[in-house]
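Engineer: Just run.cif, nothing more (mmCIF, C-alpha atoms):
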```
data_start
#
loop_
_atom_site.label_atom_id
_atom_site.label_comp_id
_atom_site.auth_asym_id
_atom_site.auth_seq_id
_atom_site.Cartn_x
_atom_site.Cartn_y
_atom_site.Cartn_z
CA MET A 1 133.50 152.61 104.04
CA PRO A 2 136.99 153.13 105.42
CA ASP A 3 138.18 153.68 101.83
CA PHE A 4 136.94 153.39 98.24
CA GLN A 5 139.18 153.50 95.18
CA ILE A 6 138.40 154.78 91.69
CA LEU A 7 141.39 154.15 89.43
CA THR A 8 142.36 154.86 85.84
CA LEU A 9 145.52 155.23 83.80
CA SER A 10 146.32 158.55 82.16
CA TYR A 11 146.61 156.98 78.70
CA THR A 12 143.28 155.07 79.03
CA PRO A 13 140.92 157.55 80.71
CA ASN A 14 137.91 155.64 79.35
CA HIS A 15 138.79 152.57 81.46
CA ILE A 16 137.66 152.96 85.09
CA ILE A 17 138.44 150.47 87.89
CA VAL A 18 136.65 150.55 91.25
CA ALA A 19 137.83 148.68 94.35
CA PHE A 20 135.70 148.25 97.46
CA PRO A 21 137.13 147.75 100.97
CA SER A 22 136.94 144.38 102.69
CA THR A 23 134.49 145.75 105.26
CA GLN A 24 131.51 148.03 104.61
CA THR A 25 128.40 149.09 106.50
CA ILE A 26 125.05 149.97 104.96
CA ALA A 27 122.78 151.83 107.37
CA SER A 28 119.12 152.76 107.11
CA PRO A 29 116.46 153.77 109.65
CA ILE A 30 115.38 150.11 109.65
CA GLU A 31 118.62 148.17 110.02
CA LYS A 32 122.40 148.11 109.72
CA ILE A 33 123.99 145.63 107.32
CA ALA A 34 127.64 144.59 107.58
CA VAL A 35 129.24 143.57 104.28
CA ASP A 36 132.52 141.65 104.37
CA SER A 37 134.45 140.14 101.46
CA ASP A 38 137.89 138.97 100.42
CA LEU A 39 137.49 140.72 97.06
CA MET A 40 134.97 143.11 95.54
CA ARG A 41 135.98 145.08 92.48
CA GLY A 42 134.86 146.03 89.00
CA SER A 43 135.79 147.84 85.83
CA VAL A 44 133.93 149.77 83.15
CA VAL A 45 135.29 150.60 79.69
CA PHE A 46 133.52 153.40 77.81
CA VAL A 47 133.55 154.06 74.09
CA PRO A 48 136.01 156.98 73.75
CA LYS A 49 133.53 159.72 72.86
CA THR A 50 131.63 162.35 74.82
CA SER A 51 128.41 160.33 75.08
CA LEU A 52 130.31 157.80 77.29
CA GLU A 53 128.60 154.74 75.89
CA ILE A 54 129.45 151.53 77.77
CA ASP A 55 131.63 149.14 75.78
CA ARG A 56 132.18 146.43 78.39
CA THR A 57 132.00 145.86 82.14
CA SER A 58 133.35 143.31 84.57
CA PHE A 59 132.64 142.82 88.29
CA GLU A 60 133.78 140.08 90.65
CA LEU A 61 133.60 139.18 94.32
CA SER A 62 134.73 136.34 96.55
CA ASN A 63 133.76 135.13 100.01
CA LEU A 64 131.02 137.71 100.45
CA SER A 65 129.11 137.67 103.73
CA VAL A 66 126.22 139.95 104.56
CA SER A 67 124.74 140.17 108.07
CA SER A 68 121.97 142.38 109.39
CA SER A 69 121.25 143.88 112.80
CA LEU A 70 117.80 142.28 112.40
CA GLY A 71 119.41 138.84 112.70
CA TRP A 72 119.60 137.53 109.15
CA ALA A 73 122.80 136.65 107.26
CA THR A 74 123.74 135.28 103.85
CA ARG A 75 126.95 134.24 102.07
CA VAL A 76 128.22 133.91 98.50
CA GLU A 77 131.48 132.08 97.80
CA SER A 78 132.11 133.79 94.45
CA GLY A 79 130.32 135.89 91.89
CA GLN A 80 131.03 137.29 88.42
CA PHE A 81 129.11 139.67 86.19
CA ALA A 82 130.34 140.85 82.78
CA THR A 83 128.92 142.55 79.70
CA ARG A 84 130.36 143.28 76.26
CA ARG A 85 128.84 145.40 73.50
CA SER A 86 128.38 143.50 70.24
CA ALA A 87 130.72 144.66 67.48
CA ASP A 88 128.13 144.33 64.71
CA ARG A 89 125.04 145.30 66.76
CA PRO A 90 125.87 148.36 68.90
CA LEU A 91 122.61 148.15 70.92
CA ALA A 92 123.23 144.49 71.82
CA HIS A 93 125.24 143.44 74.87
CA ASP A 94 126.48 139.95 75.72
CA VAL A 95 125.76 139.30 79.40
CA TYR A 96 127.35 136.71 81.69
CA PHE A 97 126.45 136.17 85.34
CA ARG A 98 127.46 133.47 87.79
CA ALA A 99 127.03 133.10 91.54
CA SER A 100 128.55 130.03 93.23
CA ARG A 101 127.88 128.41 96.59
CA VAL A 102 125.14 130.73 97.79
CA ALA A 103 123.91 130.29 101.37
CA PRO A 104 120.54 132.04 101.87
CA SER A 105 119.54 133.37 105.27
CA ARG A 106 118.06 130.88 107.73
CA GLN A 107 114.83 132.87 107.67
CA LEU A 108 114.56 132.41 103.90
CA LEU A 109 115.50 128.73 104.16
CA GLY A 110 112.83 128.27 106.81
CA LEU A 111 110.29 129.77 104.43
CA LEU A 112 111.37 127.84 101.32
CA ASP A 113 112.31 124.54 102.97
CA PRO A 114 110.75 124.26 106.45
CA ARG A 115 111.44 120.51 106.62
CA SER A 116 115.17 121.03 105.87
CA VAL A 117 115.21 118.55 103.00
CA LEU A 118 117.48 120.64 100.78
CA PRO A 119 121.10 121.63 101.52
CA GLU A 120 121.72 124.93 103.29
CA THR A 121 123.85 126.05 100.32
CA PHE A 122 122.80 125.84 96.70
CA GLU A 123 125.43 125.22 94.07
CA GLY A 124 124.89 128.30 91.99
CA VAL A 125 123.26 130.10 89.09
CA THR A 126 124.75 130.73 85.62
CA LEU A 127 123.33 132.96 82.89
CA ASP A 128 124.81 133.48 79.41
CA ALA A 129 122.65 135.75 77.24
CA THR A 130 122.54 138.58 74.74
CA VAL A 131 120.21 141.51 75.39
CA THR A 132 119.41 144.04 72.68
CA PHE A 133 118.14 147.38 73.96
CA ASN A 134 116.09 150.10 72.25
CA ALA A 135 118.70 152.78 72.99
CA PRO A 136 122.40 152.87 73.91
CA TRP A 137 123.63 152.66 77.49
CA ASP A 138 125.43 156.01 77.75
CA ARG A 139 125.24 159.15 79.87
CA PHE A 140 121.90 160.02 78.29
CA ALA A 141 120.49 156.86 79.87
CA LEU A 142 120.82 158.73 83.16
CA GLU A 143 119.84 162.17 81.88
CA ARG A 144 116.83 161.22 79.71
CA GLY A 145 115.59 157.71 80.44
CA ARG A 146 116.67 154.10 80.78
CA PRO A 147 116.93 151.88 77.68
CA ASP A 148 114.52 148.96 77.71
CA PRO A 149 115.21 145.44 76.41
CA ALA A 150 113.87 144.79 72.92
CA GLU A 151 115.23 141.27 72.42
CA ILE A 152 116.61 138.66 74.81
CA GLU A 153 118.50 135.58 73.67
CA ILE A 154 119.23 133.14 76.50
CA ARG A 155 121.92 130.69 75.46
CA THR A 156 122.32 129.15 78.91
CA PHE A 157 120.44 129.43 82.18
CA ASP A 158 121.46 126.81 84.72
CA ALA A 159 120.55 126.72 88.42
CA GLY A 160 121.16 123.93 90.90
CA TRP A 161 120.12 123.35 94.52
CA GLY A 162 120.81 119.88 95.85
CA GLU A 163 119.07 117.39 93.56
CA ILE A 164 117.02 120.17 91.93
CA THR A 165 118.27 121.58 88.62
CA LEU A 166 116.59 124.05 86.29
CA GLN A 167 117.84 124.83 82.79
CA ALA A 168 116.46 127.09 80.06
CA ALA A 169 117.38 128.50 76.64
CA GLY A 170 115.50 130.41 73.99
CA MET A 171 114.62 133.74 72.40
CA LEU A 172 112.21 136.50 73.47
CA THR A 173 111.21 139.76 71.86
CA VAL A 174 109.78 142.57 73.98
CA ASP A 175 107.10 144.98 72.75
CA THR A 176 106.85 148.69 73.59
CA LEU A 177 104.76 147.87 76.69
CA GLY A 178 107.46 145.55 78.03
CA ARG A 179 105.55 142.34 77.28
CA PRO A 180 107.75 139.42 76.18
CA GLU A 181 106.83 137.24 73.22
CA GLY A 182 108.62 134.01 72.36
CA ARG A 183 109.67 130.69 73.82
CA LEU A 184 112.14 129.23 76.29
CA ASP A 185 112.88 125.50 76.30
CA VAL A 186 112.93 124.43 79.94
CA ARG A 187 114.27 121.32 81.63
CA ALA A 188 113.41 120.78 85.31
CA ARG A 189 114.89 117.80 87.16
CA ASN A 190 113.26 116.68 90.42
CA TRP A 191 110.33 118.96 89.71
CA ARG A 192 108.35 117.56 92.66
CA ASP A 193 110.83 119.14 95.08
CA MET A 194 110.52 122.42 93.15
CA LEU A 195 106.74 122.30 93.51
CA ARG A 196 107.03 121.51 97.21
CA VAL A 197 109.29 124.51 97.76
CA ALA A 198 106.91 126.73 95.76
CA ARG A 199 103.91 125.43 97.73
CA GLU A 200 105.47 125.75 101.17
CA SER A 201 106.77 129.26 100.42
CA GLY A 202 103.33 130.39 99.23
CA LEU A 203 104.33 130.93 95.61
CA VAL A 204 101.79 128.25 94.65
CA PRO A 205 98.59 128.48 96.74
CA ALA A 206 97.75 125.24 98.53
CA LYS A 207 94.29 125.08 96.98
CA VAL A 208 95.65 124.96 93.42
CA ALA A 209 98.75 122.86 94.19
CA PRO A 210 97.03 119.51 93.36
CA THR A 211 95.91 120.84 89.98
CA VAL A 212 99.41 122.12 89.25
CA GLU A 213 100.94 118.80 90.30
CA ASN A 214 98.60 116.84 88.03
CA ALA A 215 99.47 119.09 85.08
CA LEU A 216 103.21 118.73 85.75
CA GLU A 217 102.88 114.95 86.03
CA LEU A 218 101.30 114.98 82.60
CA LEU A 219 104.19 117.02 81.19
CA ALA A 220 106.75 114.76 82.87
CA GLY A 221 105.08 111.69 81.39
CA MET A 222 105.33 113.21 77.93
CA SER A 223 109.10 113.74 78.40
CA GLY A 224 109.63 110.07 79.22
CA ASN A 225 111.07 110.55 82.74
CA PRO A 226 108.61 111.01 85.62
CA GLU A 227 111.11 113.12 87.59
CA THR A 228 112.11 115.43 84.70
CA ILE A 229 110.06 117.90 82.72
CA ASP A 230 111.11 119.01 79.23
CA ALA A 231 108.60 121.58 78.03
CA PRO A 232 108.44 125.01 76.40
CA LEU A 233 107.72 128.13 78.45
CA THR A 234 105.85 130.32 75.98
CA PHE A 235 105.04 134.01 76.28
CA ARG A 236 102.09 135.19 74.23
CA ARG A 237 99.89 138.30 74.47
CA GLY A 238 100.82 139.01 78.09
CA THR A 239 100.32 135.41 79.30
CA MET A 240 102.76 132.61 80.12
CA PHE A 241 102.12 129.04 79.01
CA PHE A 242 104.10 126.04 80.27
CA GLY A 243 103.76 123.09 77.95
CA GLY A 244 100.64 124.70 76.49
CA LEU A 245 99.02 125.24 79.90
CA PRO A 246 98.38 128.88 80.97
CA ILE A 247 100.20 129.58 84.24
CA GLY A 248 99.73 133.32 84.75
CA ALA A 249 100.54 136.81 83.56
CA ALA A 250 103.89 137.38 81.91
CA PRO A 251 106.32 139.76 83.67
CA VAL A 252 106.66 143.29 82.33
CA LEU A 253 110.30 143.76 81.24
CA THR A 254 110.91 147.48 81.64
CA ILE A 255 113.67 149.33 83.50
CA ARG A 256 112.39 152.15 85.66
#
```
Write out the structure in this file as structure tokens.
Structural biologist:
Amino acid sequence: MPDFQILTLSYTPNHIIVAFPSTQTIASPIEKIAVDSDLMRGSVVFVPKTSLEIDRTSFELSNLSVSSSLGWATRVESGQFATRRSADRPLAHDVYFRASRVAPSRQLLGLLDPRSVLPETFEGVTLDATVTFNAPWDRFALERGRPDPAEIEIRTFDAGWGEITLQAAGMLTVDTLGRPEGRLDVRARNWRDMLRVARESGLVPAKVAPTVENALELLAGMSGNPETIDAPLTFRRGTMFFGGLPIGAAPVLTIR
């Protein structure tokens, strides 16, 4: 980086602002990545005590472009990420994330959409949630071990790519092994295109794709619109169920 700023005011030493330069380079033995942006900055406010517990954070960027010496490139028009510690539940943090007008690399597009049916840029992703952890996010999180999520409340998850939209909301609890339990109510519009992308990218093996499609058609018929699925995504005893149908192992939600 040609420069990197860490700023604070003398009368608010617990409020730190960081500002990145418009041009950066990330180098590894494998590749060099050029990062350009009109704006990339963030701030962190700590609880004013020696443990330095995080009270709230805010990060934003605009017109981000990333290009690699290996030939791939991607762009994001704007992005925001913010957290705020709950006043009545100190271990809970409200989380907001949004990325708008994201253009994946052509290599990734070729993998996900080899027939070029979908737009080159997807509209964006929005997440509004509250995550309760099993320990505070403070300096001891670095010195002793990361806090893990104990409860996740998703108020809004909304993603759109062309005619495809995916929405979800619900509540999950997480056990000591990182296994989620609970339910998310999911709405998928134009699910056939989603399945096609998943099949062509290898996420759904070709040999099971017809079975998956038949099951999704059944769920869509129950919702009353053949192109939209309204069904619960349930997590139970380490397994995920979509509309009552087992679809695989649940992810383990731990922070290394």
Engineer: Carefully work through the PyMOL selection byres ((chain A and resi 86-101) around 8) for this structure and note down the residues it includes, as a PDB file with C-alpha atoms, in the coordinates of the input.
Structural biologist:
```pdb
ATOM      1  CA  VAL A  76     128.220 133.910  98.500  1.00  0.00           C
ATOM      2  CA  GLU A  77     131.480 132.080  97.800  1.00  0.00           C
ATOM      3  CA  SER A  78     132.110 133.790  94.450  1.00  0.00           C
ATOM      4  CA  GLY A  79     130.320 135.890  91.890  1.00  0.00           C
ATOM      5  CA  GLN A  80     131.030 137.290  88.420  1.00  0.00           C
ATOM      6  CA  PHE A  81     129.110 139.670  86.190  1.00  0.00           C
ATOM      7  CA  ALA A  82     130.340 140.850  82.780  1.00  0.00           C
ATOM      8  CA  THR A  83     128.920 142.550  79.700  1.00  0.00           C
ATOM      9  CA  ARG A  84     130.360 143.280  76.260  1.00  0.00           C
ATOM     10  CA  ARG A  85     128.840 145.400  73.500  1.00  0.00           C
ATOM     11  CA  VAL A 102     125.140 130.730  97.790  1.00  0.00           C
ATOM     12  CA  ALA A 103     123.910 130.290 101.370  1.00  0.00           C
ATOM     13  CA  THR A 121     123.850 126.050 100.320  1.00  0.00           C
ATOM     14  CA  PHE A 122     122.800 125.840  96.700  1.00  0.00           C
ATOM     15  CA  GLU A 123     125.430 125.220  94.070  1.00  0.00           C
ATOM     16  CA  GLY A 124     124.890 128.300  91.990  1.00  0.00           C
ATOM     17  CA  VAL A 125     123.260 130.100  89.090  1.00  0.00           C
ATOM     18  CA  THR A 126     124.750 130.730  85.620  1.00  0.00           C
ATOM     19  CA  LEU A 127     123.330 132.960  82.890  1.00  0.00           C
ATOM     20  CA  ASP A 128     124.810 133.480  79.410  1.00  0.00           C
ATOM     21  CA  ALA A 129     122.650 135.750  77.240  1.00  0.00           C
ATOM     22  CA  THR A 130     122.540 138.580  74.740  1.00  0.00           C
ATOM     23  CA  VAL A 131     120.210 141.510  75.390  1.00  0.00           C
ATOM     24  CA  THR A 132     119.410 144.040  72.680  1.00  0.00           C
ATOM     25  CA  PHE A 133     118.140 147.380  73.960  1.00  0.00           C
ATOM     26  CA  ASN A 134     116.090 150.100  72.250  1.00  0.00           C
ATOM     27  CA  ALA A 135     118.700 152.780  72.990  1.00  0.00           C
ATOM     28  CA  PRO A 136     122.400 152.870  73.910  1.00  0.00           C
TER      29      PRO A 136
END
```
Engineer: Mind pulling up the distance from CA of Arg41 (chain A) to CA of Ile17 (chain A)?
Structural biologist: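 Interatomic distance here is 7.5 Å.
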Engineer: What's around region 165-182 of chain A at 12 Å? Count only C-alpha atoms, leave out sequence neighbours fewer than 5 positions away in its own chain, and write the answer as a count of residues only.
Structural biologist: 58
Engineer: Mind giving me the straight-line distance from CA of Arg183 (chain A) to CA of Val197 (chain A) in Å, one decimal?
Structural biologist: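 The value is 24.7 Å.
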Engineer: Could you tell me which residues the PyMOL selection byres ((chain A and resi 5) around 6) grabs in this file, written as an MDAnalysis selection string?
Structural biologist: chainID A and resid 4 6 18:19
Engineer: Could you tell me which of A:Pro210, A:Pro29, A:Pro13, A:Gly71 comes closest to Val47 (chain A) if we count all atoms listed in the file?
Structural biologist: A:Pro13
Engineer: Could you please determine the separation between CA of Ala209 (chain A) and CA of Leu118 (chain A) in Å, to one decimal place?
Structural biologist: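 Distance between the two atoms: 20.0 Å.
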Engineer: Since I can't run it myself right now, could you work out what the PyMOL selection byres ((chain A and resi 117) around 12) selects here and report it as a PDB file with C-alpha atoms, in the frame of the given file?
Structural biologist:
```
ATOM      1  CA  LEU A 109     115.500 128.730 104.160  1.00  0.00           C
ATOM      2  CA  GLY A 110     112.830 128.270 106.810  1.00  0.00           C
ATOM      3  CA  LEU A 112     111.370 127.840 101.320  1.00  0.00           C
ATOM      4  CA  ASP A 113     112.310 124.540 102.970  1.00  0.00           C
ATOM      5  CA  PRO A 114     110.750 124.260 106.450  1.00  0.00           C
ATOM      6  CA  ARG A 115     111.440 120.510 106.620  1.00  0.00           C
ATOM      7  CA  SER A 116     115.170 121.030 105.870  1.00  0.00           C
ATOM      8  CA  LEU A 118     117.480 120.640 100.780  1.00  0.00           C
ATOM      9  CA  PRO A 119     121.100 121.630 101.520  1.00  0.00           C
ATOM     10  CA  GLU A 120     121.720 124.930 103.290  1.00  0.00           C
ATOM     11  CA  THR A 121     123.850 126.050 100.320  1.00  0.00           C
ATOM     12  CA  TRP A 161     120.120 123.350  94.520  1.00  0.00           C
ATOM     13  CA  GLY A 162     120.810 119.880  95.850  1.00  0.00           C
ATOM     14  CA  GLU A 163     119.070 117.390  93.560  1.00  0.00           C
ATOM     15  CA  ILE A 164     117.020 120.170  91.930  1.00  0.00           C
ATOM     16  CA  ASP A 193     110.830 119.140  95.080  1.00  0.00           C
ATOM     17  CA  MET A 194     110.520 122.420  93.150  1.00  0.00           C
ATOM     18  CA  ARG A 196     107.030 121.510  97.210  1.00  0.00           C
ATOM     19  CA  VAL A 197     109.290 124.510  97.760  1.00  0.00           C
TER      20      VAL A 197
END
```
